[in-house]
>>> print(open('work.cif').read())   # mmCIF, C-alpha atoms
data_final
loop_
_atom_site.label_atom_id
_atom_site.label_comp_id
_atom_site.auth_asym_id
_atom_site.auth_seq_id
_atom_site.Cartn_x
_atom_site.Cartn_y
_atom_site.Cartn_z
CA MET B 160 29.25 62.56 -64.09
CA ASP B 161 27.58 59.45 -62.68
CA LYS B 162 25.15 57.65 -65.00
CA VAL B 163 22.26 57.77 -62.49
CA LEU B 164 22.71 61.52 -62.04
CA GLU B 165 22.87 61.99 -65.81
CA GLU B 166 19.58 60.11 -66.17
CA ARG B 167 17.94 62.23 -63.48
CA LEU B 168 19.09 65.46 -65.10
CA ALA B 169 18.08 64.28 -68.58
CA ALA B 170 14.50 63.57 -67.51
CA LYS B 171 12.07 65.85 -69.28
CA ASP B 172 9.98 66.35 -66.18
CA SER B 173 9.92 65.44 -62.55
CA TYR B 174 7.59 62.48 -61.96
CA ILE B 175 6.41 63.77 -58.64
CA ASP B 176 3.29 65.65 -57.67
CA ILE B 177 3.52 68.93 -55.83
CA HIS B 178 2.51 67.56 -52.42
CA ASP B 179 5.11 64.77 -52.58
CA PHE B 180 7.67 67.39 -53.60
CA TYR B 181 6.79 69.53 -50.57
CA VAL B 182 7.11 66.52 -48.26
CA LEU B 183 10.54 65.68 -49.68
CA MET B 184 11.62 69.30 -49.26
CA ALA B 185 10.40 69.26 -45.64
CA PHE B 186 12.38 66.06 -45.06
CA TYR B 187 15.41 67.61 -46.76
CA GLN B 188 15.10 70.63 -44.49
CA SER B 189 14.85 68.37 -41.44
CA ILE B 190 18.00 66.37 -42.16
CA SER B 191 19.87 69.56 -43.08
CA GLN B 192 18.82 71.06 -39.78
CA LYS B 193 20.17 68.01 -37.90
CA VAL B 194 23.58 68.35 -39.59
CA LEU B 195 23.76 72.08 -38.95
CA ARG B 196 22.87 71.61 -35.29
CA LYS B 197 25.63 69.04 -34.98
CA PHE B 198 27.98 71.70 -36.38
CA ASP B 199 26.71 74.47 -34.04
CA LYS B 200 23.96 74.13 -31.43
CA ASP B 201 23.45 77.79 -30.58
CA GLY B 202 23.20 80.27 -33.46
CA SER B 203 20.18 80.96 -35.65
CA ILE B 204 19.93 78.30 -38.31
CA LEU B 205 20.76 80.73 -41.13
CA GLU B 206 23.82 82.03 -39.25
CA VAL B 207 24.95 78.46 -38.67
CA GLN B 208 24.55 77.76 -42.40
CA LYS B 209 26.84 80.69 -43.21
CA LYS B 210 29.47 79.45 -40.74
CA TYR B 211 29.18 75.92 -42.10
CA GLU B 212 29.80 77.15 -45.63
CA GLU B 213 32.72 79.31 -44.54
CA GLY B 214 34.34 76.38 -42.76
CA LYS B 215 34.15 74.21 -45.90
CA GLU B 216 34.25 71.12 -43.69
CA THR B 217 31.52 68.51 -43.69
CA VAL B 218 30.20 67.32 -40.36
CA GLN B 219 31.16 63.65 -40.19
CA ASP B 220 29.69 62.53 -36.88
CA ALA B 221 26.09 63.55 -37.57
CA GLN B 222 23.37 61.06 -38.38
CA PHE B 223 23.57 62.23 -42.00
CA VAL B 224 26.49 63.58 -44.02
CA ILE B 225 25.62 66.69 -46.00
CA ALA B 226 28.21 69.03 -47.50
CA PRO B 227 27.76 72.77 -46.79
CA GLN B 228 26.70 73.55 -50.38
CA ASP B 229 24.18 70.68 -50.36
CA THR B 230 22.02 71.70 -47.41
CA TYR B 231 18.44 72.88 -47.71
CA TYR B 232 19.43 76.19 -46.12
CA HIS B 233 22.07 76.80 -48.78
CA TYR B 234 19.32 76.63 -51.40
CA TYR B 235 16.98 78.71 -49.28
CA GLN B 236 19.61 81.45 -49.22
CA MET B 237 20.16 81.06 -52.97
CA TYR B 238 16.40 81.41 -53.47
CA LYS B 239 16.30 84.57 -51.33
CA ALA B 240 19.19 86.02 -53.38
CA ASN B 241 17.40 85.15 -56.67
CA LYS B 242 20.19 82.70 -57.56
CA PHE B 243 18.32 79.42 -57.14
CA GLU B 244 18.89 76.84 -59.89
CA TYR B 245 16.77 73.70 -59.93
CA VAL B 246 19.47 71.61 -61.64
CA GLU B 247 21.85 72.32 -58.75
CA LEU B 248 19.22 71.19 -56.26
CA VAL B 249 18.83 67.88 -58.13
CA LYS B 250 22.61 67.41 -58.03
CA SER B 251 22.75 68.13 -54.29
CA LEU B 252 19.94 65.70 -53.51
CA TYR B 253 21.80 63.05 -55.49
CA ASN B 254 25.03 63.86 -53.57
CA ILE B 255 23.18 63.39 -50.29
CA GLU B 256 21.93 59.97 -51.40
CA GLU B 257 25.44 58.95 -52.42
CA LYS B 258 26.96 59.96 -49.08
CA ASN B 259 24.14 58.41 -47.02
CA PRO B 260 23.35 54.84 -48.12
CA LYS B 261 20.18 54.67 -46.03
CA LEU B 262 18.82 57.59 -48.11
CA LYS B 263 19.51 55.82 -51.43
CA ASN B 264 16.86 56.80 -53.99
CA ILE B 265 14.79 58.76 -51.48
CA PHE B 266 14.98 61.83 -53.73
CA GLN B 267 14.86 59.89 -57.02
CA ASP B 268 11.61 61.50 -58.14
CA VAL B 269 13.10 64.99 -58.01
CA ARG B 270 14.61 65.11 -61.46
CA GLY B 271 15.11 67.14 -64.60
CA SER B 272 17.25 70.15 -65.40
CA THR B 273 14.30 72.50 -65.10
CA SER B 274 11.04 71.88 -63.40
CA SER B 275 7.43 72.84 -63.74
CA LEU B 276 7.25 72.35 -59.99
CA PRO B 277 7.14 75.65 -58.16
CA SER B 278 10.34 75.12 -56.19
CA GLU B 279 10.22 78.66 -54.95
CA THR B 280 6.81 77.97 -53.43
CA ALA B 281 8.38 75.18 -51.39
CA PHE B 282 10.77 77.69 -49.87
CA GLU B 283 7.82 79.91 -48.95
CA LYS B 284 5.50 77.12 -47.73
CA ILE B 285 8.09 75.40 -45.55
CA ASP B 286 9.15 77.46 -42.56
CA SER B 287 12.81 78.04 -43.44
CA ARG B 288 13.74 80.83 -41.05
CA ASN B 289 12.68 79.04 -37.90
CA GLU B 290 13.48 75.57 -36.73
CA VAL B 291 10.38 73.48 -36.97
CA SER B 292 10.18 69.71 -36.98
CA PHE B 293 9.44 67.59 -39.99
CA GLU B 294 6.05 66.80 -38.46
CA GLU B 295 5.23 70.50 -38.02
CA ASN B 296 6.06 71.13 -41.67
CA LEU B 297 3.85 68.20 -42.67
CA GLU B 298 0.98 69.84 -40.80
CA ILE B 299 1.60 73.13 -42.61
CA ILE B 300 1.60 71.30 -45.97
CA LYS B 301 -1.53 69.36 -45.07
CA ARG B 302 -3.45 72.46 -43.91
CA SER B 303 -2.49 74.50 -46.95
CA SER B 304 -3.59 71.74 -49.31
CA GLY B 305 -6.98 71.25 -47.68
CA ALA B 306 -6.28 67.56 -47.01
CA LYS B 307 -8.43 65.60 -44.58
CA ASP B 308 -7.04 65.00 -41.10
CA ASN B 309 -6.42 61.31 -41.70
CA TYR B 310 -4.52 61.80 -44.96
CA ASP B 311 -0.79 61.03 -44.74
CA TYR B 312 1.54 62.75 -47.23
CA THR B 313 4.66 61.06 -45.93
CA SER B 314 6.21 58.88 -48.62
CA LYS B 315 6.87 55.19 -47.96
CA ASN B 316 10.62 55.79 -48.32
CA ILE B 317 10.62 58.39 -45.55
CA ARG B 318 8.33 56.35 -43.27
CA LYS B 319 10.81 53.43 -43.46
CA LEU B 320 13.64 55.54 -42.04
CA ASN B 321 14.50 55.76 -38.39
CA TYR B 322 15.92 59.26 -38.18
#
>>> encode(input="work.cif", output="structure tokens")
Amino acid sequence: MDKVLEERLAAKDSYIDIHDFYVLMAFYQSISQKVLRKFDKDGSILEVQKKYEEGKETVQDAQFVIAPQDTYYHYYQMYKANKFEYVELVKSLYNIEEKNPKLKNIFQDVRGSTSSLPSETAFEKIDSRNEVSFEENLEIIKRSSGAKDNYDYTSKNIRKLNY
């Protein structure tokens, strides 16, 4: 196992607040959605995820490279089946960073082998069954937190990306 991944998994707690976690999960969903749509433009996003996993091939010509077992929707389905494991999510986020140099360290604050963060709440808060944009999910997060209209939850790392 890579030393950086070992350090992330060994962390006692994630050094991220809940709103930043939700924003990262919304971003993760957005880039997963882009890869899945490159794989199949027509089916429902959850059907496309199933086909992507069955094919076992990673989409190579998408803006981002994400293996079938590393997508947001894989973990959403695991959550729905009561099989979600936080440590596996941390590993997948690390894998995405490794395969996509422009995403290096974007998920670095999601760490630990277990989390006090309510990961399952992220799957409920973020609209996972429908395809919504990253910006729409940010609005949902902002409204549910009671934040002021001018407050921006988007992390500096995400704002720097052109995706």
>>> residues_around(input="work.cif", residues="Gln228 (chain B)", least_positions_apart="3", cutoff="10 Å", atoms="all atoms listed in the file", output="number ranges by chain")
B: 208, 211-212, 215, 217, 225, 231-234, 247-248, 251
>>> atom_distance(input="work.cif", atom1="CA of Ser287 (chain B)", atom2="CA of Leu183 (chain B)")
14.0 Å
>>> residues_around(input="work.cif", residues="Ile175 (chain B)", least_positions_apart="3", cutoff="7 Å", atoms="only C-alpha atoms", output="list in words")
Asp179, Phe180, Asp268 and Val269 of chain B
>>> atom_distance(input="work.cif", atom1="CA of Ala170 (chain B)", atom2="CA of Arg270 (chain B)")
6.2 Å
>>> closest_residue(input="work.cif", among="B:Gln267, B:Gln219, B:Ser274, B:Asn289", to="Gly202 (chain B)", atoms="only C-alpha atoms")
B:Asn289
>>> residues_around(input="work.cif", residues="Val207 (chain B)", least_positions_apart="4", cutoff="8 Å", atoms="all atoms listed in the file", output="PyMOL selection string")
chain B and resi 195-196+198-199+202-203+211
>>> residues_around(input="work.cif", residues="Ser303 (chain B)", least_positions_apart="3", cutoff="12 Å", atoms="only C-alpha atoms", output="ChimeraX atom specification")
/B:178,181,280-281,283-285,296-300,306-307
